[in-house]
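Undergrad: Right, I'll just put the structure down here and ask away after.
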Number of protein chains: 2
Amino acid sequence: MTSVPHIDPGKETLPLFCGVDVGGTNIKIGLVDDHGNTVEYKKIPTNETEGPQRYMERTTEVIREMMNAIGRPMDNIASIGLATPGTMDIEGGMLLEPHNLPNSYNFPIRDCLSQLTGRPVVYANDANAAAFGEYWLGSGKEFRSIIMLTLGTGVGGGIIVDDLLIDGEHSHGGELGHIIIDFSENARTIPTGQRGHLEAYASGTAIIKRTQEALAMDLKKESSLHARIDGGEKLSPLMVAQEAEKSDSLSLHIVMETARYLGIGIVSLMHTIDPGAVILGGAINFGGHETELGRKFLDRVRQEVKARAFPVPAKYTVVDFARLGGDAGYLGAAGKARVVAHRDSLTT
Amino acid sequence: MTSVPHIDPGKETLPLFCGVDVGGTNIKIGLVDDHGNTVEYKKIPTNETEGPQRYMERTTEVIREMMNAIGRPMDNIASIGLATPGTMDIEGGMLLEPHNLPNSYNFPIRDCLSQLTGRPVVYANDANAAAFGEYWLGSGKEFRSIIMLTLGTGVGGGIIVDDLLIDGEHSHGGELGHIIIDFSENARTIPTGQRGHLEAYASGTAIIKRTQEALAMDLKKESSLHARIDGGEKLSPLMVAQEAEKSDSLSLHIVMETARYLGIGIVSLMHTIDPGAVILGGAINFGGHETELGRKFLDRVRQEVKARAFPVPAKYTVVDFARLGGDAGYLGAAGKARVVAHRDSLTT
């Protein structure tokens with residue numbers, strides 16, 4: 001997404017919102033208007049080793065530069081939305097022990113940014129914020145409620161119902177990789193040792209593990225993956241996707257099995273939240289709508305959902321890929337800030 | 001609960017809400033004030049064979065009598081909350097195909113009651129309404145968000161977050177008996193044939209089935225259940241509870257296994273909603289806090305939750321029995337009507 005240097009002068013009285021999405025590598029910062037148009041956007045390196053105070057100062061400098069660029073004062077930002085990875089205390093505005101931000105433990109990041117900018121800051125989990133972005137401006141924008149599953153190294157997620165982002169009472173809302181799909185004692189484990197979680201079956205890490213197991217059973221070495229690994233490449237979900245695209249049957253089986261597991265988890269979520277749409281986001285989307293493999297993957301998810309869900313939600317719930325990619329986080333952070341600001345203006 | 005014939009005269013200007021909980025056998029009707037006090041209450045037989053128009057007319061007569069009894073006009077009822085079993089279309093106000101109300105299929109029950117009473121009517125699923133009752137006035141009243149599981153012939157439920165009852169986009173919100181806890185091909189089935197649902201393990205029906213299986217394996221007939229069944233009694237969850245209380249080990253095992261299955265399902269729900277409390281309601285509570293068996297059952301649920309949930313929600317999420325019994329439905333229906341009325345008065 002490129003910056004739009006000048007906004008429509010007629011819109012200058014509209015409130016602005018700022019979305020800040022802090023990741024282990026980069027911080028994405030966007031000024032967003034009330035309709036979700038990105039007015040200014042910049043990505044800066046996190047340089048996390050400098051510590052959170054410093055990267056929040058640099059974030060603040062960028063926000064000031066952006067406001068200068070459009071000739072508006074800082075207090076034209078109605079509210080800032082700040083998204084970070086967990087663990088975190090959303091209500092208290094604290095980073096607790098975020099694995100991706102090892103120099104930022106137990107840091108009051110929300111109030112830090114609020115002090116630096118002089119603006120109110122609304123805090124969110126990054127996966128939840130991405131879900132809010134898709135809800136406001138992406139694949140979920142036609143719906144009153146959505147669930148998003150984010151497929152990466154782990155499986156994250158977010159839930160929005162009627163503009164309400166379900167953060168959870170203890171900042172653990174939408175940890176959708178951690179619903180239990182198999183309670184048996186030989187169920188697969190996640191790195192923390194817990195058994196039977198969706199993430200143990202459908203994450204990037206799980207795809208690698210399941211592929212390794214399948215390759216160990218492939219005694220005749222029929223899979224084309226063997227040659228690449230023997231050639232020194234490291235097994236990855238991308239490699240599995242590439243070979244599946246070339247019709248390697250072992251790789252294709254892994255991809256379709258991943259879809260099946262996701263479908264099972266999605267049914268539990270449909271019978272809990274019954275959303276208008278279930279959105280699949282994250283890096284591991286097997287090409288999305290752009291490739292035949294992505295479309296096959298999505299069809300297999302939908303097939304499992306239709307087979308297992310109750311007839312009415314099975315018929316009407318839309319299951320689709322996300323649309324905003326890596327922009328979902330800052331857009332959703334801004335979106336959550338916007339909804340909170342509008343709600344506060346109603347009730348005060 | 002007995003009727004309170006006269007309300008505090010000083011409260012006469014407060015709005016009133018009416019809760020109507022339609023079941024297959026009875027209709028419970030209560031007038032409830034803004035603080036949740038029941039001002040008038042009556043239970044009438046549904047006589048469902050007469051059809052929904054007639055039982056809604058009789059309900060309206062009761063509401064009029066109640067308002068006469070306290071000397072206030074009908075329009076002092078700010079809103080009526082109506083709860084029924086599903087299947088239903090909550091937004092459209094329609095009964096669709098409720099199994100318990102076989103003469104009421106495809107009936108516009110919400111608008112029928114609204115026309116008869118001249119008051120606005122807010123519609124809810126009965127299990128969701130019961131959850132709202134516990135949230136407003138029962139075991140959930142200290143919390144911003146709760147999940148309730150209702151243990152009966154089936155397993156029902158409801159979810160409330162920040163006063164928002166999650167009805168679902170297709171009236172299937174909070175169908176908490178239908179999360180999948182075992183995706184394997186030999187998982188237990190529910191009557192509709194679907195596999196691995198929580199209800200296939202933890203409902204009254206499932207308790208009977210699992211007990212029958214255990215008795216068939218009990219070749220030495222050590223369980224005290226055999227004598228009762230051989231004496232002509234019909235196996236029931238109550239009988240299992242009674243023998244478990246007398247330390248019959250097979251029966252006790254069934255009860256504790258039920259607790260374990262519930263704990264597994266609850267962990268999925270905690271990682272989805274992350275509520276302040278998880279409330280266990282419904283007829284099958286093994287005596288609740290009143291009996292040693294009930295307390296053992298609850299301890300076993302909590303133990304499974306602590307073993308499987310992430311540390312923070314495991315530590316802080318309250319798991320407890322419901323408190324309102326059969327009153328939860330009409331109270332929650334009134335409570336939902338109240339919240340909608342207050343919200344509408346804010347936004348219009």
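So you can find residues: chains in the structure tokens are A, B, ... in the order shown, residues in each start at 1, and ligands are numbered from 1 in order.
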If the cut-off is 9 Å, can you tell me the residues of chain A near chain B, counting only C-alpha atoms? I'd like them as a PyMOL selection string.
TA: chain A and resi 143-145+157-159+161-162+164+166-184+194-197+261+264-265+267-276+307-310+312-313+316-317+346-347
Undergrad: RMSD over all C-alpha atoms, chain B superposed on chain A in order?
TA: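 Root-mean-square deviation of the C-alpha atoms: 0.0 Å.
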Undergrad: Got a sec: who's within 10 Å of Glu222 in chain A, counting only C-alpha atoms, leaving out chain neighbours fewer than 5 positions off, as number ranges by chain?
TA: A: 215, 227, 248-250
Undergrad: With a distance cut-off of 6 Å and only C-alpha atoms, select the neighbouring residues of Val20 in chain A, excluding the residue or stretch itself and same-chain residues fewer than 6 positions from it, and output the selection as a VMD selection string.
TA: chain A and resid 28 to 29 82 330
Undergrad: List the neighbours of Val22 in chain B out to 8 Å using only C-alpha atoms; skip same-chain residues closer than 2 positions along the sequence, and give me the result as a list of chain:residue names.
TA: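 Counting only C-alpha atoms, the residues come to B:Val20, B:Gly24, B:Asn26, B:Ile27, B:Lys28, B:Thr46, B:Leu82, B:Ala83, B:Thr84, B:Pro85, B:Asp126.
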Undergrad: Skip Lys209 in chain A itself and residues of its chain fewer than 4 positions away, then list as an NGL selection string all residues within 12 Å of it, counting only C-alpha atoms.
TA: :A and (153 or 188-191 or 199-205 or 213-216 or 235-237 or 240 or 254 or 258)
Undergrad: Mind writing the picked residues with N, CA and C atoms as a CSV table (one decimal), in the first residue's frame?
TA:
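Written out: selection13.csv:
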```
chain,number,residue,atom,x,y,z
A,153,THR,N,3.2,-19.8,11.8
A,153,THR,CA,4.0,-20.7,12.6
A,153,THR,C,3.0,-21.4,13.6
A,188,ARG,N,-1.9,-35.1,19.2
A,188,ARG,CA,-0.7,-34.3,19.0
A,188,ARG,C,-0.5,-33.2,20.0
A,189,THR,N,0.7,-32.8,20.2
A,189,THR,CA,1.0,-31.7,21.2
A,189,THR,C,1.5,-30.5,20.6
A,190,ILE,N,1.3,-29.3,21.3
A,190,ILE,CA,1.9,-28.1,20.9
A,190,ILE,C,3.2,-27.9,21.7
A,191,PRO,N,4.0,-26.9,21.3
A,191,PRO,CA,5.3,-26.8,22.0
A,191,PRO,C,5.3,-26.7,23.5
A,199,GLU,N,-4.0,-26.1,16.9
A,199,GLU,CA,-2.6,-25.6,16.4
A,199,GLU,C,-1.7,-26.8,16.3
A,200,ALA,N,-1.9,-27.9,17.0
A,200,ALA,CA,-1.0,-29.1,16.9
A,200,ALA,C,-1.2,-29.8,15.6
A,201,TYR,N,-2.3,-29.4,14.9
A,201,TYR,CA,-2.6,-30.1,13.6
A,201,TYR,C,-2.5,-29.2,12.4
A,202,ALA,N,-2.8,-27.9,12.6
A,202,ALA,CA,-3.0,-27.1,11.4
A,202,ALA,C,-2.0,-25.9,11.3
A,203,SER,N,-1.1,-25.8,12.2
A,203,SER,CA,-0.1,-24.7,12.1
A,203,SER,C,1.0,-25.0,11.2
A,204,GLY,N,1.8,-24.0,10.9
A,204,GLY,CA,3.0,-24.2,10.1
A,204,GLY,C,4.0,-25.3,10.7
A,205,THR,N,4.1,-25.1,12.0
A,205,THR,CA,4.9,-26.1,12.7
A,205,THR,C,4.4,-27.5,12.6
A,213,GLU,N,6.8,-36.9,9.4
A,213,GLU,CA,6.3,-38.3,9.7
A,213,GLU,C,5.9,-39.0,8.4
A,214,ALA,N,5.3,-38.3,7.5
A,214,ALA,CA,4.8,-38.9,6.3
A,214,ALA,C,6.0,-39.3,5.4
A,215,LEU,N,7.1,-38.5,5.4
A,215,LEU,CA,8.3,-38.8,4.6
A,215,LEU,C,9.0,-40.0,5.2
A,216,ALA,N,9.0,-40.1,6.5
A,216,ALA,CA,9.6,-41.3,7.2
A,216,ALA,C,8.9,-42.6,6.8
A,235,LEU,N,13.0,-28.2,5.0
A,235,LEU,CA,11.6,-28.5,4.9
A,235,LEU,C,10.8,-27.3,5.5
A,236,SER,N,9.8,-26.8,4.7
A,236,SER,CA,9.0,-25.7,5.2
A,236,SER,C,7.6,-25.9,4.6
A,237,PRO,N,6.6,-25.2,5.2
A,237,PRO,CA,5.3,-25.2,4.6
A,237,PRO,C,5.2,-24.7,3.2
A,240,VAL,N,6.3,-27.6,0.9
A,240,VAL,CA,5.2,-28.5,0.8
A,240,VAL,C,4.1,-28.0,-0.2
A,254,ILE,N,-0.9,-33.7,2.6
A,254,ILE,CA,-0.6,-32.9,3.8
A,254,ILE,C,-1.5,-31.6,3.8
A,258,THR,N,-4.6,-30.6,6.3
A,258,THR,CA,-4.6,-29.4,7.0
A,258,THR,C,-5.9,-28.7,6.9
```
Undergrad: Figure out the distance between CA of Ala322 in chain B and CA of Val340 in chain B, please, to one decimal in Å.
TA: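 Spanning CA of Val340 in chain B to CA of Ala322 in chain B is a straight-line distance of 23.6 Å.
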Undergrad: CA of Met148 in chain B and CA of Val305 in chain B, how far apart in Å?
TA: 14.9 Å
Undergrad: Which of range 208-287 of chain B counts as strand (DSSP E) under DSSP, as a PDB file with N, CA, C and O atoms, in the first residue's frame please?
TA:
```pdb
ATOM      1  N   ALA B 277     -16.350 -16.046  33.871  1.00  0.00           N
ATOM      2  CA  ALA B 277     -16.840 -17.243  34.559  1.00  0.00           C
ATOM      3  C   ALA B 277     -17.493 -18.212  33.586  1.00  0.00           C
ATOM      4  O   ALA B 277     -18.058 -17.805  32.572  1.00  0.00           O
ATOM      5  N   VAL B 278     -17.398 -19.484  33.933  1.00  0.00           N
ATOM      6  CA  VAL B 278     -18.106 -20.548  33.218  1.00  0.00           C
ATOM      7  C   VAL B 278     -19.109 -21.131  34.211  1.00  0.00           C
ATOM      8  O   VAL B 278     -18.724 -21.569  35.304  1.00  0.00           O
ATOM      9  N   ILE B 279     -20.383 -21.087  33.850  1.00  0.00           N
ATOM     10  CA  ILE B 279     -21.460 -21.472  34.762  1.00  0.00           C
ATOM     11  C   ILE B 279     -22.080 -22.783  34.259  1.00  0.00           C
ATOM     12  O   ILE B 279     -22.382 -22.906  33.075  1.00  0.00           O
ATOM     13  N   LEU B 280     -22.267 -23.732  35.172  1.00  0.00           N
ATOM     14  CA  LEU B 280     -22.890 -25.007  34.826  1.00  0.00           C
ATOM     15  C   LEU B 280     -24.327 -25.018  35.328  1.00  0.00           C
ATOM     16  O   LEU B 280     -24.569 -25.000  36.537  1.00  0.00           O
ATOM     17  N   GLY B 281     -25.268 -25.031  34.389  1.00  0.00           N
ATOM     18  CA  GLY B 281     -26.680 -25.042  34.750  1.00  0.00           C
ATOM     19  C   GLY B 281     -27.376 -26.283  34.232  1.00  0.00           C
ATOM     20  O   GLY B 281     -26.735 -27.200  33.722  1.00  0.00           O
TER      21      GLY B 281
END
```
Undergrad: Do you know which residues are at most 7 Å from Met74 in chain B counting only C-alpha atoms, after dropping those on the same chain fewer than 3 positions away, and could you put them as a PyMOL selection string?
TA: chain B and resi 64+67+77
Undergrad: Please dump the current selection as a tab-separated table (two decimals), in the first residue's frame; keep all heavy atoms.
TA:
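Listing of part20.tsv after writing:
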```tsv
chain	number	residue	atom	x	y	z
B	64	ARG	N	-51.67	-8.93	31.48
B	64	ARG	CA	-52.65	-7.88	31.81
B	64	ARG	C	-53.10	-7.99	33.27
B	64	ARG	O	-53.19	-6.98	33.98
B	64	ARG	CB	-53.88	-7.99	30.89
B	64	ARG	CG	-53.63	-7.51	29.49
B	64	ARG	CD	-54.94	-7.41	28.68
B	64	ARG	NE	-54.62	-7.31	27.27
B	64	ARG	CZ	-54.15	-6.20	26.68
B	64	ARG	NH1	-53.96	-5.10	27.40
B	64	ARG	NH2	-53.86	-6.19	25.40
B	67	MET	N	-50.42	-6.66	35.54
B	67	MET	CA	-50.33	-5.19	35.54
B	67	MET	C	-51.50	-4.60	36.31
B	67	MET	O	-51.34	-3.62	37.05
B	67	MET	CB	-50.27	-4.65	34.10
B	67	MET	CG	-48.99	-5.01	33.35
B	67	MET	SD	-47.46	-4.51	34.20
B	67	MET	CE	-47.41	-2.74	33.80
B	77	ILE	N	-44.82	-1.34	30.78
B	77	ILE	CA	-43.85	-2.38	30.40
B	77	ILE	C	-43.00	-1.81	29.26
B	77	ILE	O	-43.49	-1.58	28.15
B	77	ILE	CB	-44.55	-3.67	29.93
B	77	ILE	CG1	-45.38	-4.27	31.06
B	77	ILE	CG2	-43.51	-4.69	29.44
B	77	ILE	CD1	-46.20	-5.49	30.65
```
Undergrad: Have a look at A:Asp163, A:Glu134, A:Glu97, A:Glu91 and name the one nearest to Thr150 in chain A; count only C-alpha atoms.
TA: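 Result for the nearest residue to Thr150 in chain A: A:Glu134.
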